[in-house]
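Structure below is model_4.tsv: TSV, C-alpha atoms.
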chain	number	residue	atom	x	y	z
A	1	MET	CA	-0.64	5.08	33.03
A	2	GLN	CA	-4.28	4.56	32.11
A	3	LYS	CA	-3.78	6.50	28.84
A	4	PHE	CA	-0.91	4.17	27.88
A	5	TRP	CA	-3.15	1.12	28.32
A	6	GLN	CA	-5.96	2.76	26.36
A	7	ILE	CA	-3.58	3.39	23.46
A	8	SER	CA	-2.24	-0.16	23.72
A	9	LEU	CA	-5.76	-1.58	23.61
A	10	THR	CA	-6.65	0.60	20.60
A	11	LEU	CA	-3.53	-0.50	18.70
A	12	THR	CA	-4.28	-4.11	19.58
A	13	ALA	CA	-7.78	-3.79	18.15
A	14	ILE	CA	-6.28	-2.37	14.95
A	15	TYR	CA	-3.89	-5.35	14.80
A	16	GLY	CA	-6.91	-7.64	15.07
A	17	ALA	CA	-8.59	-5.87	12.17
A	18	VAL	CA	-5.40	-6.16	10.12
A	19	VAL	CA	-5.24	-9.90	10.85
A	20	VAL	CA	-8.83	-10.38	9.66
A	21	GLY	CA	-8.20	-8.30	6.54
A	22	MET	CA	-4.92	-10.02	5.74
A	23	SER	CA	-6.50	-13.44	6.26
A	24	ALA	CA	-9.16	-12.57	3.70
A	25	ALA	CA	-6.53	-11.19	1.32
A	26	ILE	CA	-4.44	-14.35	1.69
A	27	SER	CA	-7.44	-16.54	0.91
A	28	HIS	CA	-8.73	-14.56	-2.03
A	29	VAL	CA	-5.74	-12.78	-3.59
A	30	PHE	CA	-2.30	-13.83	-2.37
A	31	LEU	CA	-2.96	-17.58	-2.41
A	32	HIS	CA	-2.88	-17.46	-6.20
A	33	SER	CA	-0.39	-14.67	-6.81
A	34	LEU	CA	2.50	-15.48	-4.44
A	35	ASP	CA	4.96	-18.34	-4.71
A	36	GLY	CA	5.34	-20.91	-1.93
A	37	LYS	CA	8.14	-19.15	-0.03
A	38	ALA	CA	6.48	-15.74	-0.11
A	39	LEU	CA	3.10	-17.21	0.87
A	40	SER	CA	4.73	-19.08	3.74
A	41	SER	CA	6.33	-15.86	5.00
A	42	LEU	CA	3.04	-14.04	4.75
A	43	LEU	CA	1.12	-16.78	6.57
A	44	SER	CA	3.63	-17.10	9.39
A	45	SER	CA	3.91	-13.35	9.95
A	46	THR	CA	0.12	-13.01	9.96
A	47	ALA	CA	-0.16	-15.89	12.45
A	48	LEU	CA	2.45	-14.24	14.66
A	49	LEU	CA	0.53	-10.97	14.52
A	50	ALA	CA	-2.68	-12.78	15.50
A	51	PHE	CA	-1.05	-14.59	18.42
A	52	GLN	CA	0.74	-11.51	19.72
A	53	SER	CA	-2.45	-9.49	19.36
A	54	LEU	CA	-4.24	-11.91	21.67
A	55	ALA	CA	-1.43	-11.64	24.21
A	56	LEU	CA	-1.50	-7.84	24.02
A	57	LEU	CA	-5.28	-7.85	24.31
A	58	ALA	CA	-5.14	-9.85	27.53
A	59	LEU	CA	-2.29	-7.79	28.98
A	60	SER	CA	-3.91	-4.48	28.06
A	61	LEU	CA	-7.32	-5.44	29.43
A	62	VAL	CA	-5.90	-6.66	32.74
A	63	GLN	CA	-3.67	-3.64	33.21
A	64	LEU	CA	-6.40	-1.21	32.16
A	65	GLY	CA	-8.66	-2.79	34.76
A	66	ASN	CA	-5.90	-2.45	37.36
A	67	ALA	CA	-5.30	1.18	36.41
A	68	GLN	CA	-8.97	1.98	36.88
A	69	GLN	CA	-8.99	0.36	40.33
A	70	ALA	CA	-6.76	1.23	43.26
A	71	GLU	CA	-3.23	2.35	42.42
A	72	THR	CA	-0.63	-0.41	42.74
A	73	ALA	CA	3.07	-0.06	43.47
A	74	SER	CA	4.87	1.86	40.72
A	75	SER	CA	7.33	-0.94	39.92
A	76	ARG	CA	4.43	-3.37	39.49
A	77	LYS	CA	2.92	-0.97	36.91
A	78	LYS	CA	6.08	-0.23	34.94
A	79	LEU	CA	7.20	-3.76	34.00
A	80	PRO	CA	3.91	-4.76	32.30
A	81	ALA	CA	3.96	-1.43	30.45
A	82	LEU	CA	7.53	-2.11	29.33
A	83	VAL	CA	6.50	-5.57	28.14
A	84	ALA	CA	3.52	-4.17	26.22
A	85	ALA	CA	5.66	-1.46	24.62
A	86	GLY	CA	8.21	-4.10	23.65
A	87	PHE	CA	5.47	-6.27	22.15
A	88	HIS	CA	4.21	-3.35	20.05
A	89	LEU	CA	7.71	-2.40	18.87
A	90	GLY	CA	8.65	-6.03	18.19
A	91	LEU	CA	5.51	-6.55	16.14
A	92	TRP	CA	6.17	-3.47	14.06
A	93	LEU	CA	9.80	-4.42	13.48
A	94	PHE	CA	9.04	-8.04	12.61
A	95	VAL	CA	5.71	-8.01	10.80
A	96	TYR	CA	6.19	-4.75	8.90
A	97	THR	CA	9.67	-5.82	7.79
A	98	VAL	CA	8.38	-9.14	6.42
A	99	TRP	CA	5.43	-7.48	4.70
A	100	ALA	CA	7.57	-4.64	3.35
A	101	GLY	CA	9.87	-7.18	1.73
A	102	LEU	CA	6.98	-9.12	0.21
A	103	PHE	CA	5.07	-6.12	-1.12
A	104	ASN	CA	7.95	-3.72	-1.86
A	105	LEU	CA	6.78	-1.21	0.73
A	106	PRO	CA	8.91	1.80	1.72
A	107	LEU	CA	11.35	1.62	4.64
A	108	HIS	CA	12.18	-2.04	4.14
A	109	PHE	CA	15.25	-2.98	6.17
A	110	SER	CA	15.48	-6.78	6.26
A	111	GLN	CA	17.89	-6.65	9.22
A	112	LEU	CA	15.06	-5.41	11.47
A	113	ALA	CA	12.99	-8.62	11.35
A	114	PRO	CA	15.40	-10.62	13.55
A	115	VAL	CA	15.64	-7.68	15.97
A	116	GLY	CA	11.85	-7.62	16.22
A	117	GLY	CA	11.71	-11.37	16.79
A	118	GLN	CA	14.36	-11.20	19.52
A	119	LEU	CA	12.53	-8.32	21.17
A	120	LEU	CA	9.32	-10.38	21.21
A	121	LEU	CA	11.19	-13.30	22.80
A	122	LEU	CA	12.70	-11.02	25.44
A	123	CYS	CA	9.29	-9.53	26.23
A	124	TRP	CA	7.79	-12.98	26.73
A	125	LEU	CA	10.56	-13.75	29.23
A	126	LEU	CA	9.96	-10.42	30.99
A	127	LEU	CA	6.27	-11.21	31.13
A	128	ALA	CA	7.07	-14.54	32.78
A	129	ALA	CA	9.27	-12.71	35.30
A	130	THR	CA	6.47	-10.33	36.31
A	131	ALA	CA	4.75	-13.14	38.21
A	132	TRP	CA	7.81	-13.58	40.44
A	133	ILE	CA	8.73	-9.97	41.08
A	134	ARG	CA	7.52	-8.78	44.44
A	135	LYS	CA	7.89	-5.32	45.95

Encoded form using structure tokens:
Amino acid sequence: MQKFWQISLTLTAIYGAVVVGMSAAISHVFLHSLDGKALSSLLSSTALLAFQSLALLALSLVQLGNAQQAETASSRKKLPALVAAGFHLGLWLFVYTVWAGLFNLPLHFSQLAPVGGQLLLLCWLLLAATAWIRK
């Protein structure tokens, strides 16, 4: 399980770098080249990526610390991992779909953005439930 959390933390750091890079690109390039609707989509998807990255950072750091300490009950380890995996998948489905539509990237399927958003919502609810699940 420790390897999963290491990968999650690495991906989260990459998301953080993408947020910083996209923020600079928005300020210096896209602010002048995109219309209001496209710029709004880009800003909101970048903000969502930043917020979710912070949540994943916290979750990954806590769980990585737990994995390095004494082993906990298996059910207590699996639900946070499921939430983190859902966060990663939801981010890819939502953010990539929005950006693919804006920048004409390959594999653009506009129907995936709502699925990604719903997956993120479900994962937040599962994360809330982890505090109440006892073994």

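Separating atom CA of Gln111 of chain A from atom CA of Trp92 of chain A is a distance of 13.1 Å.
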
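With all atoms listed in the file taken into account, the protein and nucleic acid residues at most 8 Å from segment 43-47 of chain A (excluding it and anything under 4 positions from it in its own chain) are Val19, Met22, Ser23, Ile26, Leu39, Phe51, Phe94, Val95 and Val98 of chain A.
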
task = Kindly indicate which residue among A:Val20, A:Leu42, A:Leu89, A:Asn66 lies nearest to Gln118 of chain A, using only C-alpha atoms for the distances.
result = A:Leu89

Nearest to Ser60 of chain A by atom-to-atom distance, counting all atoms listed in the file, from A:Lys77, A:Ile133, A:Gly90, A:Ser41 =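 Smallest separation from Ser60 of chain A among the options: A:Lys77.
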
remark   = As a check of understanding: the span from atom CA of Leu59 of chain A to atom CA of Leu9 of chain A is 8.9 Å

message = So, with all atoms listed in the file as the atoms that count, which of A:Pro114, A:Gly16, A:Gly36, A:Pro80 lies closest to Leu57 of chain A?
response =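 Of the candidates, the smallest distance to Leu57 of chain A is held by A:Gly16.
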
Test item: axis-aligned box, all listed atoms of segment 8-20 of chain A, 8 Å on each side, centre and edges in Å rounded to one decimal, as AutoDock Vina command-line options:
--center_x -5.5 --center_y -4.9 --center_z 16.7 --size_x 22.6 --size_y 27.0 --size_z 30.1

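If all atoms listed in the file are the atoms counted, then among A:Ala50, A:Leu64, A:Ala81, A:Leu126 the closest residue to Gln6 of chain A is A:Leu64.
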
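Note that the spacing between atom CA of Thr130 of chain A and atom CA of Ala55 of chain A amounts to 14.5 Å.
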
ask   = Looking at A:Leu102, A:Ala25, A:Leu49, A:Val62, which one is nearest to Gly116 of chain A, with distances taken over all atoms listed in the file?
value = A:Leu49

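With distances restricted to only C-alpha atoms, A:Leu93 is the closest residue to Phe109 of chain A from A:Ala67, A:Leu122, A:Leu93, A:Ala85.
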
key: Tyr96 of chain A surroundings by all atoms listed in the file, 9 Å radius, close-in-sequence under 5 positions cut, as number ranges by chain   = A: 45, 91, 101, 105, 108, 113

Will you model N, CA, C and O atoms for segment 76-95 of chain A and pass it back as a short mmCIF file (atom, residue, chain, number, x, y, z; two decimals), keeping the file's coordinate frame?
data_model
loop_
_atom_site.label_atom_id
_atom_site.label_comp_id
_atom_site.auth_asym_id
_atom_site.auth_seq_id
_atom_site.Cartn_x
_atom_site.Cartn_y
_atom_site.Cartn_z
N ARG A 76 5.34 -2.35 39.99
CA ARG A 76 4.43 -3.37 39.49
C ARG A 76 3.67 -2.85 38.26
O ARG A 76 3.13 -3.64 37.51
N LYS A 77 3.61 -1.55 38.06
CA LYS A 77 2.92 -0.97 36.91
C LYS A 77 3.87 -0.80 35.73
O LYS A 77 3.45 -0.86 34.59
N LYS A 78 5.14 -0.57 36.01
CA LYS A 78 6.08 -0.23 34.94
C LYS A 78 6.51 -1.44 34.12
O LYS A 78 6.65 -1.33 32.90
N LEU A 79 6.73 -2.59 34.75
CA LEU A 79 7.20 -3.76 34.00
C LEU A 79 6.17 -4.25 32.98
O LEU A 79 6.53 -4.49 31.82
N PRO A 80 4.89 -4.38 33.34
CA PRO A 80 3.91 -4.76 32.30
C PRO A 80 3.82 -3.72 31.17
O PRO A 80 3.64 -4.09 30.01
N ALA A 81 3.97 -2.46 31.50
CA ALA A 81 3.96 -1.43 30.45
C ALA A 81 5.17 -1.57 29.55
O ALA A 81 5.07 -1.40 28.33
N LEU A 82 6.32 -1.88 30.12
CA LEU A 82 7.53 -2.11 29.33
C LEU A 82 7.35 -3.32 28.42
O LEU A 82 7.73 -3.29 27.25
N VAL A 83 6.75 -4.37 28.95
CA VAL A 83 6.50 -5.57 28.14
C VAL A 83 5.56 -5.24 26.98
O VAL A 83 5.81 -5.63 25.84
N ALA A 84 4.48 -4.52 27.28
CA ALA A 84 3.52 -4.17 26.22
C ALA A 84 4.18 -3.29 25.16
O ALA A 84 3.97 -3.51 23.95
N ALA A 85 4.96 -2.31 25.58
CA ALA A 85 5.66 -1.46 24.62
C ALA A 85 6.62 -2.28 23.77
O ALA A 85 6.73 -2.07 22.55
N GLY A 86 7.31 -3.22 24.39
CA GLY A 86 8.21 -4.10 23.65
C GLY A 86 7.46 -4.98 22.66
O GLY A 86 7.93 -5.21 21.54
N PHE A 87 6.29 -5.48 23.07
CA PHE A 87 5.47 -6.27 22.15
C PHE A 87 5.07 -5.43 20.93
O PHE A 87 5.18 -5.90 19.80
N HIS A 88 4.61 -4.21 21.17
CA HIS A 88 4.21 -3.35 20.05
C HIS A 88 5.40 -3.08 19.11
O HIS A 88 5.28 -3.22 17.89
N LEU A 89 6.52 -2.70 19.68
CA LEU A 89 7.71 -2.40 18.87
C LEU A 89 8.18 -3.65 18.13
O LEU A 89 8.51 -3.59 16.93
N GLY A 90 8.23 -4.77 18.82
CA GLY A 90 8.65 -6.03 18.19
C GLY A 90 7.75 -6.43 17.04
O GLY A 90 8.22 -6.89 15.99
N LEU A 91 6.45 -6.24 17.23
CA LEU A 91 5.51 -6.55 16.14
C LEU A 91 5.75 -5.67 14.93
O LEU A 91 5.76 -6.15 13.80
N TRP A 92 5.91 -4.38 15.18
CA TRP A 92 6.17 -3.47 14.06
C TRP A 92 7.46 -3.83 13.35
O TRP A 92 7.51 -3.87 12.12
N LEU A 93 8.52 -4.09 14.10
CA LEU A 93 9.80 -4.42 13.48
C LEU A 93 9.71 -5.73 12.70
O LEU A 93 10.22 -5.83 11.58
N PHE A 94 9.07 -6.73 13.26
CA PHE A 94 9.04 -8.04 12.61
C PHE A 94 8.02 -8.09 11.47
O PHE A 94 8.37 -8.36 10.33
N VAL A 95 6.77 -7.84 11.79
CA VAL A 95 5.71 -8.01 10.80
C VAL A 95 5.84 -7.00 9.65
O VAL A 95 5.75 -7.37 8.48
#
